[in-house]
Protein chains: 2
Amino acid sequence: MQFSPLLEQLIETLRCLPGVGPKTAQRMALQLLTRGRENGKRLAHSLIQAMEKIGHCESCRIFSETEFCNICASLHRDPSLLCIVENPIDVTVIEQTSSFKGKYFVLLGHLSPLDGIGPEEIGLPKLRLHFEQGGIQEVILATNPTVEGEATAHYILSLAKQYGIKVTRIARGISIGSALEYSDPNTLMHAFDGRELL
Amino acid sequence: MQFSPLLEQLIETLRCLPGVGPKTAQRMALQLLTRGRENGKRLAHSLIQAMEKIGHCESCRIFSETEFCNICASLHRDPSLLCIVENPIDVTVIEQTSSFKGKYFVLLGHLSPLDGIGPEEIGLPKLRLHFEQGGIQEVILATNPTVEGEATAHYILSLAKQYGIKVTRIARGISIGSALEYSDPNTLMHAFDGRELL
């Protein structure tokens, strides 16, 4: 037996959420109907608002419903330092350290030609505009330490070089609190290459 | 740093879904915004439809947007057999066995006085009406084999007795394909009590 058509439809559409399979979707739908109808309506309302009103910051491309995000609009951030990250969540993680006072540029992905994601898709024309406008003294590449992240970093490096801008890459090495024996060879290699003089 | 207000609101409301914590909600919201806006709107639409239009079957209380659910409306089901379950999902599970041809009554919970869930909340006045109308020859109690499920079954047993209706409880024993050594003492005790004469 199937559930009623509207319930089946709700279960089916809940599966668009990442990590939600048929069983989880069923449990979510039944729980919302049983004791969360108000929450369900509130969720629907936020979804519509978010999907329709959230765009991208004109300057850094992060999700924002205003023309410029808080960080880009702030007068307390140093516009001569530009940190480039792949995802909006990376900005949150870096902000938690409270150690970076510059601005960000969010690629919303990484170069992946096989998936049809080229320079346009990750906003590099806009990044080039930032470079052209001048005022940036250092570009900090904070893409993920994966093959795609490194390739993307490399591409941006050559772009920035055309404008004579200094480019740095965040250090790759062993994590604080971890044990050497659990580090992978690639990370260890980077840790040796990037050793500091004491 | 926080995300933009609408994004924060979406993350917060996504947490009303069971099993969704702050990290998962963040990932869901960002993924919907990045490459699932149409899905997000469809989900919002289904949610509103489901929350507003899905009610309960007039006869068995299962979720349904029509007055009577498919099973209650069917002429091929035996109305003299009434199986009582706690949750809508239980109906689906029993239907998968294709072995039960009677009708259902869905409690949508179990008796739990401490949570304020009494006979009214699990639809027992409506169940009593079914008993009064006559025509039921056997009530099969298929509530969960938990303390609350057993207590609820016991309560319904005494209710049905008042109308002289035959009441059975689905067998509790060892699961097919399991090993005796992994059965808990309580289940084994029930398996011995309910042993069949061969």
# chains A, B, ... in the order shown; residues from 1 in each chain; ligands from 1
>>> interface_residues(of="chain B", to="chain A", cutoff="6 Å", atoms="only C-alpha atoms", output="PyMOL selection string")
chain B and resi 1+4+6+10+13+17-18+28+37+41+43-44+46-48+50-51+64+92+95
>>> residues_around(residues="B:Val167", least_positions_apart="2", cutoff="7 Å", atoms="only C-alpha atoms", output="JSON, numbers by chain")
{"B": [138, 139, 140, 157, 165, 169]}
>>> atom_distance(atom1="atom CA of A:Glu196", atom2="atom CA of A:Ala171")
10.7 Å
>>> select_by_dssp(residues="stretch 94-148 of chain A", states="alpha helix (DSSP H)", output="list of chain:residue names")
A:Ile94, A:Glu95, A:Gln96, A:Leu124, A:Pro125, A:Lys126, A:Leu127, A:Arg128, A:Leu129, A:His130, A:Phe131, A:Glu132, A:Gln133, A:Val147, A:Glu148
>>> write_last_selection(atoms="all heavy atoms", output="tab-separated table (two decimals), in the first residue's frame")
chain	number	residue	atom	x	y	z
A	94	ILE	N	36.59	30.23	8.61
A	94	ILE	CA	37.73	31.14	8.77
A	94	ILE	C	37.37	32.26	9.74
A	94	ILE	O	38.18	32.63	10.59
A	94	ILE	CB	38.18	31.71	7.41
A	94	ILE	CG1	38.68	30.58	6.50
A	94	ILE	CG2	39.27	32.76	7.59
A	94	ILE	CD1	38.99	31.00	5.07
A	95	GLU	N	36.13	32.77	9.65
A	95	GLU	CA	35.70	33.84	10.55
A	95	GLU	C	35.74	33.40	12.00
A	95	GLU	O	35.99	34.19	12.89
A	95	GLU	CB	34.29	34.34	10.19
A	95	GLU	CG	34.24	35.19	8.94
A	95	GLU	CD	35.00	36.49	9.09
A	95	GLU	OE1	34.55	37.34	9.86
A	95	GLU	OE2	36.07	36.64	8.45
A	96	GLN	N	35.50	32.10	12.24
A	96	GLN	CA	35.53	31.59	13.61
A	96	GLN	C	36.91	31.73	14.25
A	96	GLN	O	37.03	31.78	15.47
A	96	GLN	CB	35.08	30.13	13.65
A	96	GLN	CG	33.56	29.99	13.68
A	96	GLN	CD	33.10	28.58	13.37
A	96	GLN	OE1	33.90	27.66	13.29
A	96	GLN	NE2	31.81	28.39	13.19
A	124	LEU	N	35.37	33.78	-12.14
A	124	LEU	CA	36.68	34.38	-12.35
A	124	LEU	C	36.65	35.70	-13.13
A	124	LEU	O	37.50	36.55	-12.87
A	124	LEU	CB	37.64	33.36	-12.98
A	124	LEU	CG	37.92	32.15	-12.06
A	124	LEU	CD1	39.11	31.35	-12.55
A	124	LEU	CD2	38.17	32.58	-10.62
A	125	PRO	N	35.66	35.92	-14.04
A	125	PRO	CA	35.60	37.24	-14.67
A	125	PRO	C	35.41	38.35	-13.63
A	125	PRO	O	36.03	39.41	-13.73
A	125	PRO	CB	34.38	37.13	-15.60
A	125	PRO	CG	34.29	35.67	-15.93
A	125	PRO	CD	34.71	34.96	-14.67
A	126	LYS	N	34.59	38.08	-12.61
A	126	LYS	CA	34.40	39.08	-11.56
A	126	LYS	C	35.68	39.26	-10.73
A	126	LYS	O	36.04	40.37	-10.36
A	126	LYS	CB	33.23	38.65	-10.65
A	126	LYS	CG	32.98	39.62	-9.52
A	126	LYS	CD	31.68	39.31	-8.78
A	126	LYS	CE	30.51	39.87	-9.54
A	126	LYS	NZ	29.23	39.66	-8.86
A	127	LEU	N	36.38	38.14	-10.51
A	127	LEU	CA	37.64	38.23	-9.75
A	127	LEU	C	38.65	39.08	-10.52
A	127	LEU	O	39.36	39.91	-9.96
A	127	LEU	CB	38.19	36.82	-9.51
A	127	LEU	CG	39.44	36.72	-8.65
A	127	LEU	CD1	39.19	37.29	-7.25
A	127	LEU	CD2	39.93	35.28	-8.55
A	128	ARG	N	38.66	38.88	-11.83
A	128	ARG	CA	39.58	39.65	-12.69
A	128	ARG	C	39.27	41.15	-12.56
A	128	ARG	O	40.18	41.97	-12.49
A	128	ARG	CB	39.40	39.19	-14.13
A	128	ARG	CG	40.44	39.75	-15.10
A	128	ARG	CD	40.08	39.39	-16.54
A	128	ARG	NE	40.51	38.06	-16.92
A	128	ARG	CZ	41.71	37.79	-17.44
A	128	ARG	NH1	42.60	38.77	-17.60
A	128	ARG	NH2	42.03	36.56	-17.78
A	129	LEU	N	37.98	41.50	-12.47
A	129	LEU	CA	37.60	42.90	-12.29
A	129	LEU	C	38.18	43.46	-11.00
A	129	LEU	O	38.69	44.57	-10.97
A	129	LEU	CB	36.07	43.04	-12.25
A	129	LEU	CG	35.32	43.09	-13.58
A	129	LEU	CD1	33.83	43.23	-13.34
A	129	LEU	CD2	35.84	44.25	-14.43
A	130	HIS	N	38.10	42.63	-9.93
A	130	HIS	CA	38.69	43.06	-8.66
A	130	HIS	C	40.17	43.34	-8.84
A	130	HIS	O	40.70	44.33	-8.34
A	130	HIS	CB	38.52	41.97	-7.60
A	130	HIS	CG	37.16	41.92	-6.96
A	130	HIS	ND1	36.67	42.94	-6.20
A	130	HIS	CD2	36.20	40.97	-6.99
A	130	HIS	CE1	35.45	42.61	-5.76
A	130	HIS	NE2	35.14	41.42	-6.25
A	131	PHE	N	40.85	42.45	-9.56
A	131	PHE	CA	42.29	42.62	-9.78
A	131	PHE	C	42.55	43.90	-10.57
A	131	PHE	O	43.46	44.68	-10.27
A	131	PHE	CB	42.86	41.42	-10.55
A	131	PHE	CG	42.88	40.13	-9.76
A	131	PHE	CD1	43.10	38.91	-10.42
A	131	PHE	CD2	42.72	40.11	-8.38
A	131	PHE	CE1	43.15	37.71	-9.71
A	131	PHE	CE2	42.75	38.92	-7.67
A	131	PHE	CZ	42.96	37.72	-8.35
A	132	GLU	N	41.72	44.14	-11.60
A	132	GLU	CA	41.91	45.32	-12.46
A	132	GLU	C	41.73	46.61	-11.70
A	132	GLU	O	42.45	47.58	-11.92
A	132	GLU	CB	40.90	45.29	-13.63
A	132	GLU	CG	41.39	44.46	-14.80
A	132	GLU	CD	40.31	44.24	-15.86
A	132	GLU	OE1	39.23	44.87	-15.75
A	132	GLU	OE2	40.53	43.41	-16.75
A	133	GLN	N	40.72	46.59	-10.78
A	133	GLN	CA	40.43	47.82	-10.04
A	133	GLN	C	41.59	48.23	-9.13
A	133	GLN	O	41.68	49.38	-8.71
A	133	GLN	CB	39.17	47.65	-9.19
A	133	GLN	CG	37.88	47.77	-10.03
A	133	GLN	CD	36.68	47.20	-9.32
A	133	GLN	OE1	36.79	46.78	-8.17
A	133	GLN	NE2	35.54	47.15	-9.99
A	147	VAL	N	42.73	17.73	-5.34
A	147	VAL	CA	43.25	17.90	-6.70
A	147	VAL	C	42.57	19.10	-7.36
A	147	VAL	O	43.23	19.98	-7.92
A	147	VAL	CB	43.03	16.62	-7.54
A	147	VAL	CG1	43.46	16.86	-8.98
A	147	VAL	CG2	43.81	15.47	-6.94
A	148	GLU	N	41.22	19.13	-7.26
A	148	GLU	CA	40.48	20.22	-7.92
A	148	GLU	C	40.79	21.57	-7.29
A	148	GLU	O	40.92	22.58	-7.99
A	148	GLU	CB	38.96	19.98	-7.84
A	148	GLU	CG	38.48	18.74	-8.57
A	148	GLU	CD	38.53	17.50	-7.69
A	148	GLU	OE1	39.09	17.58	-6.57
A	148	GLU	OE2	38.01	16.46	-8.13
>>> atom_distance(atom1="atom CA of A:Ile136", atom2="atom CA of A:Cys83")
10.5 Å
>>> atom_distance(atom1="atom CA of B:Cys57", atom2="atom CA of B:Cys72")
8.1 Å
